[in-house]
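Source file: protein_38.pdb (PDB, C-alpha atoms and all ligand atoms)
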ATOM      1  CA  MET A   1     -50.652  56.384  35.665
ATOM      2  CA  PRO A   2     -53.849  54.421  34.951
ATOM      3  CA  LYS A   3     -53.851  50.625  34.685
ATOM      4  CA  ILE A   4     -52.816  49.269  31.290
ATOM      5  CA  ALA A   5     -53.784  46.014  29.571
ATOM      6  CA  PHE A   6     -51.618  44.477  26.835
ATOM      7  CA  ILE A   7     -53.156  42.291  24.126
ATOM      8  CA  GLY A   8     -50.055  40.494  22.836
ATOM      9  CA  ALA A   9     -47.024  40.031  25.065
ATOM     10  CA  GLY A  10     -44.062  39.666  22.694
ATOM     11  CA  ASN A  11     -41.044  41.889  21.990
ATOM     12  CA  MET A  12     -42.843  45.208  21.776
ATOM     13  CA  ALA A  13     -45.150  44.682  24.772
ATOM     14  CA  SER A  14     -42.141  43.479  26.727
ATOM     15  CA  ALA A  15     -40.161  46.624  25.814
ATOM     16  CA  ILE A  16     -42.997  48.911  26.949
ATOM     17  CA  VAL A  17     -43.627  46.984  30.187
ATOM     18  CA  THR A  18     -39.899  46.934  30.978
ATOM     19  CA  GLY A  19     -39.616  50.690  30.375
ATOM     20  CA  LEU A  20     -42.704  51.565  32.432
ATOM     21  CA  LEU A  21     -41.480  49.486  35.378
ATOM     22  CA  ALA A  22     -37.865  50.693  35.115
ATOM     23  CA  GLN A  23     -39.030  54.322  35.217
ATOM     24  CA  ASN A  24     -41.331  53.597  38.171
ATOM     25  CA  VAL A  25     -44.298  55.126  36.387
ATOM     26  CA  CYS A  26     -46.270  51.923  36.979
ATOM     27  CA  ALA A  27     -46.236  49.132  39.516
ATOM     28  CA  PRO A  28     -46.445  45.538  38.222
ATOM     29  CA  ALA A  29     -49.952  45.302  39.730
ATOM     30  CA  ASP A  30     -51.092  48.094  37.361
ATOM     31  CA  LEU A  31     -50.228  46.094  34.234
ATOM     32  CA  ALA A  32     -51.784  42.938  32.780
ATOM     33  CA  CYS A  33     -51.217  40.926  29.622
ATOM     34  CA  LEU A  34     -52.865  38.313  27.452
ATOM     35  CA  GLY A  35     -51.120  36.402  24.657
ATOM     36  CA  GLY A  36     -52.166  33.938  21.983
ATOM     37  CA  ALA A  37     -51.627  30.187  21.946
ATOM     38  CA  GLY A  38     -47.930  30.399  22.812
ATOM     39  CA  ALA A  39     -46.067  31.117  26.033
ATOM     40  CA  SER A  40     -44.999  34.778  25.648
ATOM     41  CA  ALA A  41     -47.583  36.143  28.094
ATOM     42  CA  GLN A  42     -46.558  33.639  30.816
ATOM     43  CA  LYS A  43     -42.916  34.569  30.202
ATOM     44  CA  LEU A  44     -43.568  38.326  30.380
ATOM     45  CA  ALA A  45     -45.666  37.989  33.535
ATOM     46  CA  GLY A  46     -43.099  35.651  35.108
ATOM     47  CA  ARG A  47     -40.199  37.980  34.334
ATOM     48  CA  THR A  48     -41.819  41.265  35.379
ATOM     49  CA  GLY A  49     -44.492  40.338  37.934
ATOM     50  CA  ILE A  50     -47.338  41.874  35.918
ATOM     51  CA  ARG A  51     -50.695  40.097  35.984
ATOM     52  CA  LEU A  52     -51.258  37.253  33.544
ATOM     53  CA  ALA A  53     -54.885  37.400  32.427
ATOM     54  CA  SER A  54     -56.545  34.156  31.459
ATOM     55  CA  THR A  55     -59.549  35.651  29.658
ATOM     56  CA  PRO A  56     -60.341  38.861  27.764
ATOM     57  CA  GLU A  57     -62.813  39.813  30.522
ATOM     58  CA  SER A  58     -60.236  39.535  33.275
ATOM     59  CA  LEU A  59     -57.665  41.391  31.149
ATOM     60  CA  LEU A  60     -59.914  44.369  30.562
ATOM     61  CA  ALA A  61     -62.090  44.372  33.683
ATOM     62  CA  ASP A  62     -60.428  47.226  35.594
ATOM     63  CA  THR A  63     -58.483  49.181  32.965
ATOM     64  CA  ASP A  64     -59.463  51.711  30.342
ATOM     65  CA  ILE A  65     -56.102  51.756  28.499
ATOM     66  CA  VAL A  66     -55.442  48.914  26.050
ATOM     67  CA  VAL A  67     -52.172  48.415  24.183
ATOM     68  CA  VAL A  68     -52.630  46.295  21.065
ATOM     69  CA  ALA A  69     -49.280  44.553  20.499
ATOM     70  CA  PHE A  70     -49.828  41.405  18.475
ATOM     71  CA  LYS A  71     -48.702  40.852  14.874
ATOM     72  CA  PRO A  72     -50.599  42.910  12.265
ATOM     73  CA  GLN A  73     -51.912  39.750  10.616
ATOM     74  CA  HIS A  74     -53.696  38.782  13.849
ATOM     75  CA  LEU A  75     -56.014  41.781  13.579
ATOM     76  CA  ALA A  76     -58.268  40.131  10.993
ATOM     77  CA  ALA A  77     -58.876  37.196  13.339
ATOM     78  CA  LEU A  78     -59.241  39.276  16.508
ATOM     79  CA  ASP A  79     -61.544  37.693  19.087
ATOM     80  CA  PRO A  80     -64.791  39.729  18.613
ATOM     81  CA  GLN A  81     -65.293  39.581  22.366
ATOM     82  CA  LEU A  82     -61.994  41.459  22.846
ATOM     83  CA  ALA A  83     -63.088  44.183  20.440
ATOM     84  CA  ALA A  84     -66.432  44.517  22.234
ATOM     85  CA  LEU A  85     -64.699  44.711  25.618
ATOM     86  CA  CYS A  86     -62.613  47.664  24.377
ATOM     87  CA  ALA A  87     -65.743  49.813  24.142
ATOM     88  CA  GLY A  88     -65.155  53.167  25.853
ATOM     89  CA  LYS A  89     -61.424  52.511  26.298
ATOM     90  CA  LEU A  90     -58.343  54.205  24.846
ATOM     91  CA  VAL A  91     -56.744  51.793  22.347
ATOM     92  CA  ILE A  92     -53.037  52.274  21.580
ATOM     93  CA  SER A  93     -51.851  50.180  18.634
ATOM     94  CA  VAL A  94     -48.231  49.364  17.771
ATOM     95  CA  LEU A  95     -49.293  47.357  14.700
ATOM     96  CA  ALA A  96     -47.232  48.246  11.631
ATOM     97  CA  ALA A  97     -49.263  49.236   8.562
ATOM     98  CA  LYS A  98     -52.654  49.261  10.312
ATOM     99  CA  THR A  99     -54.265  52.633   9.658
ATOM    100  CA  LEU A 100     -56.508  54.485  12.079
ATOM    101  CA  ALA A 101     -59.449  53.744   9.760
ATOM    102  CA  ARG A 102     -58.674  50.010   9.835
ATOM    103  CA  LEU A 103     -58.189  50.068  13.611
ATOM    104  CA  ALA A 104     -61.500  51.896  13.972
ATOM    105  CA  THR A 105     -63.301  49.062  12.197
ATOM    106  CA  ALA A 106     -61.675  46.575  14.607
ATOM    107  CA  PHE A 107     -62.410  48.672  17.721
ATOM    108  CA  PRO A 108     -65.550  50.584  16.677
ATOM    109  CA  ALA A 109     -66.582  51.647  20.174
ATOM    110  CA  ALA A 110     -63.165  52.675  21.517
ATOM    111  CA  ARG A 111     -63.036  56.071  23.268
ATOM    112  CA  ASN A 112     -60.134  57.017  21.009
ATOM    113  CA  ILE A 113     -57.447  55.181  19.033
ATOM    114  CA  VAL A 114     -53.738  55.957  18.772
ATOM    115  CA  ARG A 115     -51.617  54.510  15.975
ATOM    116  CA  THR A 116     -47.923  54.273  16.808
ATOM    117  CA  MET A 117     -44.851  53.337  14.803
ATOM    118  CA  PRO A 118     -42.017  52.387  17.177
ATOM    119  CA  ASN A 119     -38.632  50.943  16.188
ATOM    120  CA  THR A 120     -36.411  48.164  17.506
ATOM    121  CA  PRO A 121     -34.132  50.270  19.782
ATOM    122  CA  SER A 122     -37.290  50.542  21.919
ATOM    123  CA  ALA A 123     -36.138  47.245  23.417
ATOM    124  CA  ILE A 124     -33.361  49.132  25.257
ATOM    125  CA  GLY A 125     -35.347  52.309  25.927
ATOM    126  CA  ALA A 126     -33.703  54.134  23.000
ATOM    127  CA  GLY A 127     -36.595  53.937  20.549
ATOM    128  CA  MET A 128     -38.112  56.588  18.289
ATOM    129  CA  THR A 129     -41.872  56.380  17.963
ATOM    130  CA  GLY A 130     -44.105  58.388  15.659
ATOM    131  CA  TRP A 131     -47.805  58.469  16.490
ATOM    132  CA  CYS A 132     -51.175  59.919  15.533
ATOM    133  CA  ALA A 133     -54.647  59.817  17.060
ATOM    134  CA  LEU A 134     -58.051  59.195  15.507
ATOM    135  CA  ALA A 135     -59.617  62.165  17.339
ATOM    136  CA  PRO A 136     -58.053  64.950  19.402
ATOM    137  CA  LEU A 137     -56.846  63.375  22.639
ATOM    138  CA  ALA A 138     -58.279  64.332  26.008
ATOM    139  CA  ASP A 139     -55.562  65.778  28.251
ATOM    140  CA  ALA A 140     -55.427  62.697  30.485
ATOM    141  CA  ASP A 141     -55.204  60.350  27.484
ATOM    142  CA  ARG A 142     -52.439  62.451  25.922
ATOM    143  CA  ALA A 143     -50.500  62.294  29.179
ATOM    144  CA  THR A 144     -50.894  58.502  29.226
ATOM    145  CA  VAL A 145     -49.735  58.154  25.611
ATOM    146  CA  LEU A 146     -46.664  60.344  26.226
ATOM    147  CA  THR A 147     -45.714  58.494  29.422
ATOM    148  CA  LEU A 148     -46.099  55.139  27.715
ATOM    149  CA  LEU A 149     -44.094  56.044  24.615
ATOM    150  CA  ARG A 150     -41.402  57.909  26.570
ATOM    151  CA  ALA A 151     -40.859  54.698  28.550
ATOM    152  CA  ILE A 152     -39.296  53.228  25.386
ATOM    153  CA  GLY A 153     -37.475  56.305  24.057
ATOM    154  CA  ARG A 154     -38.552  59.499  22.310
ATOM    155  CA  GLU A 155     -41.897  60.206  20.620
ATOM    156  CA  VAL A 156     -43.238  62.622  18.058
ATOM    157  CA  GLU A 157     -46.837  63.257  17.001
ATOM    158  CA  VAL A 158     -47.242  63.449  13.222
ATOM    159  CA  PRO A 159     -50.258  63.660  10.894
ATOM    160  CA  GLU A 160     -51.248  60.151   9.801
ATOM    161  CA  ALA A 161     -50.347  61.092   6.205
ATOM    162  CA  GLN A 162     -46.695  61.236   7.320
ATOM    163  CA  ILE A 163     -46.559  57.859   9.089
ATOM    164  CA  GLU A 164     -45.234  55.993   6.013
ATOM    165  CA  ALA A 165     -42.476  58.581   5.512
ATOM    166  CA  LEU A 166     -41.624  58.268   9.199
ATOM    167  CA  MET A 167     -41.581  54.493   8.748
ATOM    168  CA  GLY A 168     -38.970  54.957   6.017
ATOM    169  CA  VAL A 169     -36.731  57.031   8.305
ATOM    170  CA  SER A 170     -37.077  55.813  11.907
ATOM    171  CA  GLY A 171     -39.073  52.573  11.554
ATOM    172  CA  CYS A 172     -36.745  50.994   8.993
ATOM    173  CA  GLY A 173     -33.856  53.308   9.874
ATOM    174  CA  PRO A 174     -32.199  50.962  12.380
ATOM    175  CA  ALA A 175     -31.720  48.397   9.586
ATOM    176  CA  PHE A 176     -30.204  51.073   7.333
ATOM    177  CA  VAL A 177     -27.846  52.080  10.151
ATOM    178  CA  PHE A 178     -26.922  48.422  10.768
ATOM    179  CA  GLU A 179     -26.168  48.065   7.052
ATOM    180  CA  PHE A 180     -24.051  51.250   7.108
ATOM    181  CA  THR A 181     -22.185  49.909  10.154
ATOM    182  CA  ALA A 182     -21.532  46.578   8.482
ATOM    183  CA  ALA A 183     -20.340  48.376   5.341
ATOM    184  CA  LEU A 184     -17.979  50.522   7.437
ATOM    185  CA  ARG A 185     -16.653  47.371   9.136
ATOM    186  CA  GLU A 186     -16.098  45.628   5.789
ATOM    187  CA  ALA A 187     -14.393  48.746   4.437
ATOM    188  CA  GLY A 188     -12.095  48.603   7.460
ATOM    189  CA  VAL A 189     -11.292  44.971   6.726
ATOM    190  CA  ALA A 190     -10.595  45.854   3.086
ATOM    191  CA  ALA A 191      -8.263  48.598   4.339
ATOM    192  CA  GLY A 192      -6.237  46.085   6.361
ATOM    193  CA  LEU A 193      -7.877  45.780   9.812
ATOM    194  CA  ASP A 194      -8.913  42.466  11.386
ATOM    195  CA  ARG A 195     -12.686  41.927  11.527
ATOM    196  CA  ASP A 196     -13.126  42.221  15.309
ATOM    197  CA  THR A 197     -11.177  45.451  15.473
ATOM    198  CA  ALA A 198     -13.046  46.855  12.461
ATOM    199  CA  GLN A 199     -16.385  45.890  14.069
ATOM    200  CA  MET A 200     -15.473  47.624  17.340
ATOM    201  CA  LEU A 201     -14.302  50.751  15.512
ATOM    202  CA  ALA A 202     -17.464  50.908  13.390
ATOM    203  CA  VAL A 203     -19.956  50.338  16.234
ATOM    204  CA  GLN A 204     -18.285  52.709  18.694
ATOM    205  CA  THR A 205     -17.905  55.374  16.000
ATOM    206  CA  LEU A 206     -21.634  55.153  15.213
ATOM    207  CA  LEU A 207     -22.523  55.245  18.904
ATOM    208  CA  GLY A 208     -20.209  58.123  19.780
ATOM    209  CA  SER A 209     -21.227  60.173  16.749
ATOM    210  CA  ALA A 210     -24.940  59.599  17.442
ATOM    211  CA  ARG A 211     -24.495  60.645  21.072
ATOM    212  CA  LEU A 212     -22.513  63.725  20.020
ATOM    213  CA  MET A 213     -25.341  64.782  17.692
ATOM    214  CA  ALA A 214     -28.041  64.057  20.289
ATOM    215  CA  GLU A 215     -26.263  65.575  23.282
ATOM    216  CA  THR A 216     -25.042  68.747  21.564
ATOM    217  CA  GLY A 217     -28.147  69.214  19.401
ATOM    218  CA  THR A 218     -25.757  70.331  16.660
ATOM    219  CA  GLU A 219     -26.632  69.774  12.984
ATOM    220  CA  PRO A 220     -24.754  66.805  11.525
ATOM    221  CA  GLU A 221     -23.379  68.982   8.729
ATOM    222  CA  THR A 222     -21.814  71.327  11.303
ATOM    223  CA  LEU A 223     -20.191  68.439  13.184
ATOM    224  CA  ARG A 224     -19.002  67.023   9.859
ATOM    225  CA  ASN A 225     -17.452  70.337   8.873
ATOM    226  CA  GLN A 226     -15.711  70.596  12.261
ATOM    227  CA  VAL A 227     -13.704  67.437  11.508
ATOM    228  CA  THR A 228     -13.074  68.194   7.827
ATOM    229  CA  SER A 229      -9.934  70.200   7.076
ATOM    230  CA  PRO A 230      -9.460  71.431   3.529
ATOM    231  CA  ASN A 231      -7.766  68.729   1.512
ATOM    232  CA  GLY A 232      -7.368  66.519   4.620
ATOM    233  CA  THR A 233      -8.172  62.829   5.142
ATOM    234  CA  THR A 234     -11.897  63.235   5.973
ATOM    235  CA  PHE A 235     -12.242  65.602   3.013
ATOM    236  CA  ALA A 236     -10.787  62.931   0.724
ATOM    237  CA  GLY A 237     -13.288  60.353   2.003
ATOM    238  CA  LEU A 238     -16.276  62.702   1.822
ATOM    239  CA  LYS A 239     -15.409  63.583  -1.773
ATOM    240  CA  ARG A 240     -15.782  59.882  -2.667
ATOM    241  CA  MET A 241     -19.151  59.713  -0.886
ATOM    242  CA  GLU A 242     -20.323  62.739  -2.857
ATOM    243  CA  ALA A 243     -18.977  61.398  -6.152
ATOM    244  CA  ARG A 244     -20.868  58.110  -5.578
ATOM    245  CA  GLN A 245     -24.031  60.049  -4.637
ATOM    246  CA  PHE A 246     -24.376  58.703  -1.118
ATOM    247  CA  ARG A 247     -27.248  61.086  -0.321
ATOM    248  CA  ASP A 248     -29.150  60.083  -3.470
ATOM    249  CA  ILE A 249     -28.874  56.436  -2.432
ATOM    250  CA  LEU A 250     -30.450  57.268   0.930
ATOM    251  CA  VAL A 251     -33.237  59.276  -0.726
ATOM    252  CA  GLU A 252     -34.046  56.215  -2.866
ATOM    253  CA  THR A 253     -33.775  53.911   0.152
ATOM    254  CA  VAL A 254     -36.293  55.897   2.217
ATOM    255  CA  GLN A 255     -38.609  56.349  -0.797
ATOM    256  CA  ALA A 256     -38.617  52.591  -1.415
ATOM    257  CA  ALA A 257     -39.449  51.853   2.233
ATOM    258  CA  LYS A 258     -42.157  54.521   2.236
ATOM    259  CA  ALA A 259     -43.710  53.189  -0.989
ATOM    260  CA  ARG A 260     -43.797  49.649   0.423
ATOM    261  CA  ALA A 261     -45.320  50.921   3.690
ATOM    262  CA  GLU A 262     -48.047  52.667   1.663
ATOM    263  CA  GLU A 263     -48.751  49.437  -0.241
ATOM    264  CA  LEU A 264     -49.014  47.475   3.009
ATOM    265  CA  ALA A 265     -51.280  50.084   4.611
ATOM    266  CA  GLN A 266     -53.613  49.942   1.598
ATOM    267  CA  GLY A 267     -53.642  46.140   1.504
TER     268      GLY A 267
HETATM  269  N1  LIG B   1     -40.469  44.459  17.479
HETATM  270  C1  LIG B   1     -40.349  45.724  17.076
HETATM  271  O1  LIG B   1     -39.315  46.368  17.261
HETATM  272  C2  LIG B   1     -41.497  46.438  16.421
HETATM  273  C3  LIG B   1     -41.274  47.688  15.831
HETATM  274  C4  LIG B   1     -42.354  48.362  15.285
HETATM  275  C5  LIG B   1     -43.619  47.805  15.328
HETATM  276  N2  LIG B   1     -43.798  46.577  15.887
HETATM  277  C6  LIG B   1     -45.137  46.010  15.912
HETATM  278  O2  LIG B   1     -45.360  45.430  17.183
HETATM  279  C7  LIG B   1     -46.278  44.338  17.035
HETATM  280  C8  LIG B   1     -45.778  43.182  17.844
HETATM  281  O3  LIG B   1     -44.491  42.810  17.362
HETATM  282  P1  LIG B   1     -43.553  41.914  18.261
HETATM  283  O4  LIG B   1     -42.200  41.972  17.655
HETATM  284  O5  LIG B   1     -43.758  42.271  19.686
HETATM  285  O6  LIG B   1     -44.226  40.459  17.985
HETATM  286  P2  LIG B   1     -44.026  39.102  18.797
HETATM  287  O7  LIG B   1     -42.823  39.190  19.679
HETATM  288  O8  LIG B   1     -44.144  37.992  17.815
HETATM  289  O9  LIG B   1     -45.307  39.053  19.748
HETATM  290  C9  LIG B   1     -46.601  38.859  19.236
HETATM  291  C10 LIG B   1     -47.535  38.650  20.424
HETATM  292  O10 LIG B   1     -48.862  38.497  19.921
HETATM  293  C11 LIG B   1     -49.460  37.412  20.620
HETATM  294  N3  LIG B   1     -50.560  36.843  19.866
HETATM  295  C12 LIG B   1     -50.514  35.927  18.871
HETATM  296  N4  LIG B   1     -51.763  35.658  18.446
HETATM  297  C13 LIG B   1     -52.595  36.411  19.185
HETATM  298  C14 LIG B   1     -54.006  36.580  19.201
HETATM  299  N5  LIG B   1     -54.800  35.911  18.361
HETATM  300  N6  LIG B   1     -54.537  37.436  20.121
HETATM  301  C15 LIG B   1     -53.736  38.110  20.979
HETATM  302  N7  LIG B   1     -52.402  37.995  20.991
HETATM  303  C16 LIG B   1     -51.841  37.163  20.094
HETATM  304  C17 LIG B   1     -48.313  36.446  20.827
HETATM  305  O11 LIG B   1     -48.665  35.521  21.849
HETATM  306  P3  LIG B   1     -48.124  34.001  21.832
HETATM  307  O12 LIG B   1     -46.677  34.036  22.155
HETATM  308  O13 LIG B   1     -48.971  33.405  22.904
HETATM  309  O14 LIG B   1     -48.408  33.458  20.466
HETATM  310  C18 LIG B   1     -47.229  37.417  21.254
HETATM  311  O15 LIG B   1     -47.372  37.736  22.621
HETATM  312  C19 LIG B   1     -46.393  44.045  15.554
HETATM  313  O16 LIG B   1     -47.679  44.419  15.128
HETATM  314  C20 LIG B   1     -45.325  44.906  14.895
HETATM  315  O17 LIG B   1     -45.807  45.430  13.687
HETATM  316  C21 LIG B   1     -42.767  45.880  16.422
END
I need this file expressed as structure tokens, please.
Amino acid sequence: MPKIAFIGAGNMASAIVTGLLAQNVCAPADLACLGGAGASAQKLAGRTGIRLASTPESLLADTDIVVVAFKPQHLAALDPQLAALCAGKLVISVLAAKTLARLATAFPAARNIVRTMPNTPSAIGAGMTGWCALAPLADADRATVLTLLRAIGREVEVPEAQIEALMGVSGCGPAFVFEFTAALREAGVAAGLDRDTAQMLAVQTLLGSARLMAETGTEPETLRNQVTSPNGTTFAGLKRMEARQFRDILVETVQAAKARAEELAQG
């Protein structure tokens, strides 16, 4: 694995660094970070042993892979020296709503640019990241991108035109799942359970069901049908979900997130 420099050292950089080190695909000496005016870079370097760079030159001196992991709003005020120092390097951005075209204006001389859309379960190595590249990736660069993104979970390459739809499903999806879990817990409380018990039942049911889907590779509808006897308890509940158009609500939810992502990408 080549050396990797991180511009921005907050939650997302920390998740990637932690995953790369945990999977032994990099040694701490192969990674370096630079933050802003705060203390996140010192904290990340202190916790993981990666190199804390004090200047853009020292950050980028001996690496040709750069992960851009600051807040999207910082891009407009990016140190021009940093952009110039990325000439000839592979730039991998995790910035939400920053298109490849916008990234290309910020890093005009990069060797190639990869736009990624990770999600928050990346923090525990269970993320889902969609990505696209400005130009076809060289084999070595593709291998680097896959290793890096697989350190925080699963990855899928999609055309850039699908990134906002992906944002609506996997980017925002964790929040929709958290809301579903909370609703299931509250429904349990309304049905007579105490809150702690209802919370445990809801979270473990989500976790177990998600693992069952992932580990068996079985369609959710098939697993649903396996636990639904005609006129049984699950059938009674599912009939209510259908009557209240649960699937239509989710279609609208994802469409709303996608539409907002498109607005942000244009702005
Ligand atoms: N967190 C997620 O799960 C998630 C999911 C999808 C996408 N993303 C994307 O990941 C990116 C980072 O998010 P985050 O949650 O990791 O943010 P964060 O924890 O707030 O970290 C932001 C980092 O940027 C640094 N920074 C601030 N100003 C800078 C500058 N002028 N130049 C260089 N670095 C600067 C900060 O350093 P200081 O501490 O020194 O200020 C900090 O290390 C965002 O663009 C977001 O869209 C995050």
Output of the PyMOL selection byres (((not hetatm)) within 6 of (chain B and resi 1)), listed as a list in words: Ile7, Gly8, Ala9, Gly10, Asn11, Met12, Ala13, Gly35, Gly36, Ala37, Gly38, Ala39, Ser40, Ala41, Ala69, Phe70, Lys71, Pro72, His74, Leu78, Val94, Leu95, Ala96, Met117, Pro118, Asn119 and Thr120 of chain A
If you count only C-alpha atoms, which residues fall within 9 Å of stretch 247-259 of chain A, apart from same-chain ones fewer than 6 positions away, as a list in words? Ile163, Glu164, Ala165, Leu166, Met167, Gly168, Val169, Cys172, Gly173, Phe176 and Met241 of chain A
Output check: residues returned by the PyMOL selection byres (((chain A and resi 48-52) around 12) and not hetatm), as a PDB file with C-alpha atoms, in the coordinates of the input:
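Saved result, part14.pdb, follows:
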ATOM      1  CA  LYS A   3     -53.851  50.625  34.685  1.00  0.00           C
ATOM      2  CA  ILE A   4     -52.816  49.269  31.290  1.00  0.00           C
ATOM      3  CA  ALA A   5     -53.784  46.014  29.571  1.00  0.00           C
ATOM      4  CA  PHE A   6     -51.618  44.477  26.835  1.00  0.00           C
ATOM      5  CA  ILE A   7     -53.156  42.291  24.126  1.00  0.00           C
ATOM      6  CA  GLY A   8     -50.055  40.494  22.836  1.00  0.00           C
ATOM      7  CA  ALA A   9     -47.024  40.031  25.065  1.00  0.00           C
ATOM      8  CA  ALA A  13     -45.150  44.682  24.772  1.00  0.00           C
ATOM      9  CA  SER A  14     -42.141  43.479  26.727  1.00  0.00           C
ATOM     10  CA  ALA A  15     -40.161  46.624  25.814  1.00  0.00           C
ATOM     11  CA  ILE A  16     -42.997  48.911  26.949  1.00  0.00           C
ATOM     12  CA  VAL A  17     -43.627  46.984  30.187  1.00  0.00           C
ATOM     13  CA  THR A  18     -39.899  46.934  30.978  1.00  0.00           C
ATOM     14  CA  GLY A  19     -39.616  50.690  30.375  1.00  0.00           C
ATOM     15  CA  LEU A  20     -42.704  51.565  32.432  1.00  0.00           C
ATOM     16  CA  LEU A  21     -41.480  49.486  35.378  1.00  0.00           C
ATOM     17  CA  ALA A  22     -37.865  50.693  35.115  1.00  0.00           C
ATOM     18  CA  CYS A  26     -46.270  51.923  36.979  1.00  0.00           C
ATOM     19  CA  ALA A  27     -46.236  49.132  39.516  1.00  0.00           C
ATOM     20  CA  PRO A  28     -46.445  45.538  38.222  1.00  0.00           C
ATOM     21  CA  ALA A  29     -49.952  45.302  39.730  1.00  0.00           C
ATOM     22  CA  ASP A  30     -51.092  48.094  37.361  1.00  0.00           C
ATOM     23  CA  LEU A  31     -50.228  46.094  34.234  1.00  0.00           C
ATOM     24  CA  ALA A  32     -51.784  42.938  32.780  1.00  0.00           C
ATOM     25  CA  CYS A  33     -51.217  40.926  29.622  1.00  0.00           C
ATOM     26  CA  LEU A  34     -52.865  38.313  27.452  1.00  0.00           C
ATOM     27  CA  GLY A  35     -51.120  36.402  24.657  1.00  0.00           C
ATOM     28  CA  ALA A  39     -46.067  31.117  26.033  1.00  0.00           C
ATOM     29  CA  SER A  40     -44.999  34.778  25.648  1.00  0.00           C
ATOM     30  CA  ALA A  41     -47.583  36.143  28.094  1.00  0.00           C
ATOM     31  CA  GLN A  42     -46.558  33.639  30.816  1.00  0.00           C
ATOM     32  CA  LYS A  43     -42.916  34.569  30.202  1.00  0.00           C
ATOM     33  CA  LEU A  44     -43.568  38.326  30.380  1.00  0.00           C
ATOM     34  CA  ALA A  45     -45.666  37.989  33.535  1.00  0.00           C
ATOM     35  CA  GLY A  46     -43.099  35.651  35.108  1.00  0.00           C
ATOM     36  CA  ARG A  47     -40.199  37.980  34.334  1.00  0.00           C
ATOM     37  CA  ALA A  53     -54.885  37.400  32.427  1.00  0.00           C
ATOM     38  CA  SER A  54     -56.545  34.156  31.459  1.00  0.00           C
ATOM     39  CA  THR A  55     -59.549  35.651  29.658  1.00  0.00           C
ATOM     40  CA  PRO A  56     -60.341  38.861  27.764  1.00  0.00           C
ATOM     41  CA  SER A  58     -60.236  39.535  33.275  1.00  0.00           C
ATOM     42  CA  LEU A  59     -57.665  41.391  31.149  1.00  0.00           C
ATOM     43  CA  LEU A  60     -59.914  44.369  30.562  1.00  0.00           C
TER      44      LEU A  60
END
Could you work out how far atom CA of A:Thr197 lies from atom CA of A:Arg185, giving the answer in Å with one decimal?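 Distance between the two atoms: 8.6 Å.
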Once you count all atoms listed in the file, which residues end up no further than 12 Å from (-14.5, 45.7, 14.2) in the file's frame, shown as a PDB file with C-alpha atoms, in the coordinates of the input?
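As written to disk, result-v5.pdb reads:
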ATOM      1  CA  THR A 181     -22.185  49.909  10.154  1.00  0.00           C
ATOM      2  CA  ALA A 182     -21.532  46.578   8.482  1.00  0.00           C
ATOM      3  CA  ALA A 183     -20.340  48.376   5.341  1.00  0.00           C
ATOM      4  CA  LEU A 184     -17.979  50.522   7.437  1.00  0.00           C
ATOM      5  CA  ARG A 185     -16.653  47.371   9.136  1.00  0.00           C
ATOM      6  CA  GLU A 186     -16.098  45.628   5.789  1.00  0.00           C
ATOM      7  CA  ALA A 187     -14.393  48.746   4.437  1.00  0.00           C
ATOM      8  CA  GLY A 188     -12.095  48.603   7.460  1.00  0.00           C
ATOM      9  CA  VAL A 189     -11.292  44.971   6.726  1.00  0.00           C
ATOM     10  CA  ALA A 190     -10.595  45.854   3.086  1.00  0.00           C
ATOM     11  CA  GLY A 192      -6.237  46.085   6.361  1.00  0.00           C
ATOM     12  CA  LEU A 193      -7.877  45.780   9.812  1.00  0.00           C
ATOM     13  CA  ASP A 194      -8.913  42.466  11.386  1.00  0.00           C
ATOM     14  CA  ARG A 195     -12.686  41.927  11.527  1.00  0.00           C
ATOM     15  CA  ASP A 196     -13.126  42.221  15.309  1.00  0.00           C
ATOM     16  CA  THR A 197     -11.177  45.451  15.473  1.00  0.00           C
ATOM     17  CA  ALA A 198     -13.046  46.855  12.461  1.00  0.00           C
ATOM     18  CA  GLN A 199     -16.385  45.890  14.069  1.00  0.00           C
ATOM     19  CA  MET A 200     -15.473  47.624  17.340  1.00  0.00           C
ATOM     20  CA  LEU A 201     -14.302  50.751  15.512  1.00  0.00           C
ATOM     21  CA  ALA A 202     -17.464  50.908  13.390  1.00  0.00           C
ATOM     22  CA  VAL A 203     -19.956  50.338  16.234  1.00  0.00           C
ATOM     23  CA  GLN A 204     -18.285  52.709  18.694  1.00  0.00           C
ATOM     24  CA  THR A 205     -17.905  55.374  16.000  1.00  0.00           C
ATOM     25  CA  LEU A 206     -21.634  55.153  15.213  1.00  0.00           C
TER      26      LEU A 206
END
Got a sec to resolve the PyMOL selection byres (((chain A and resi 81) around 12) and not hetatm) on this structure and send the residues as an MDAnalysis selection string? chainID A and resid 55:57 59:60 77:80 82:87 106:107
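The gap separating atom CA of A:Val91 from atom CA of A:Glu263 is 24.1 Å, in Å to one decimal.
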Got a sec: who's within 10 Å of A:Leu137, counting all atoms listed in the file, leaving out chain neighbours fewer than 6 positions off, as a PyMOL selection string? chain A and resi 90+111-114+143+145
Around stretch 10-19 of chain A, with edges along x, y and z and 5 Å added on all six sides, what centre and edge lengths do you get, in Å to one decimal, as JSON?
{"center_x": -42.4, "center_y": 45.2, "center_z": 26.4, "size_x": 15.5, "size_y": 21.0, "size_z": 19.2}
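Across the structure, atom CA of A:Ala140 and atom CA of A:Ser122 are spaced 23.5 Å apart.
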For A:Arg154, find every residue with an atom within 10 Å (counting all atoms listed in the file), except residues of its own chain fewer than 5 positions away, and show them as number ranges by chain. A: 118, 122, 125-130, 146, 149
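Restricting the calculation to only C-alpha atoms, the smallest distance between A:Met1 and any of A:Thr144, A:Ala214, A:Ala161, A:Leu103 is found for A:Thr144.
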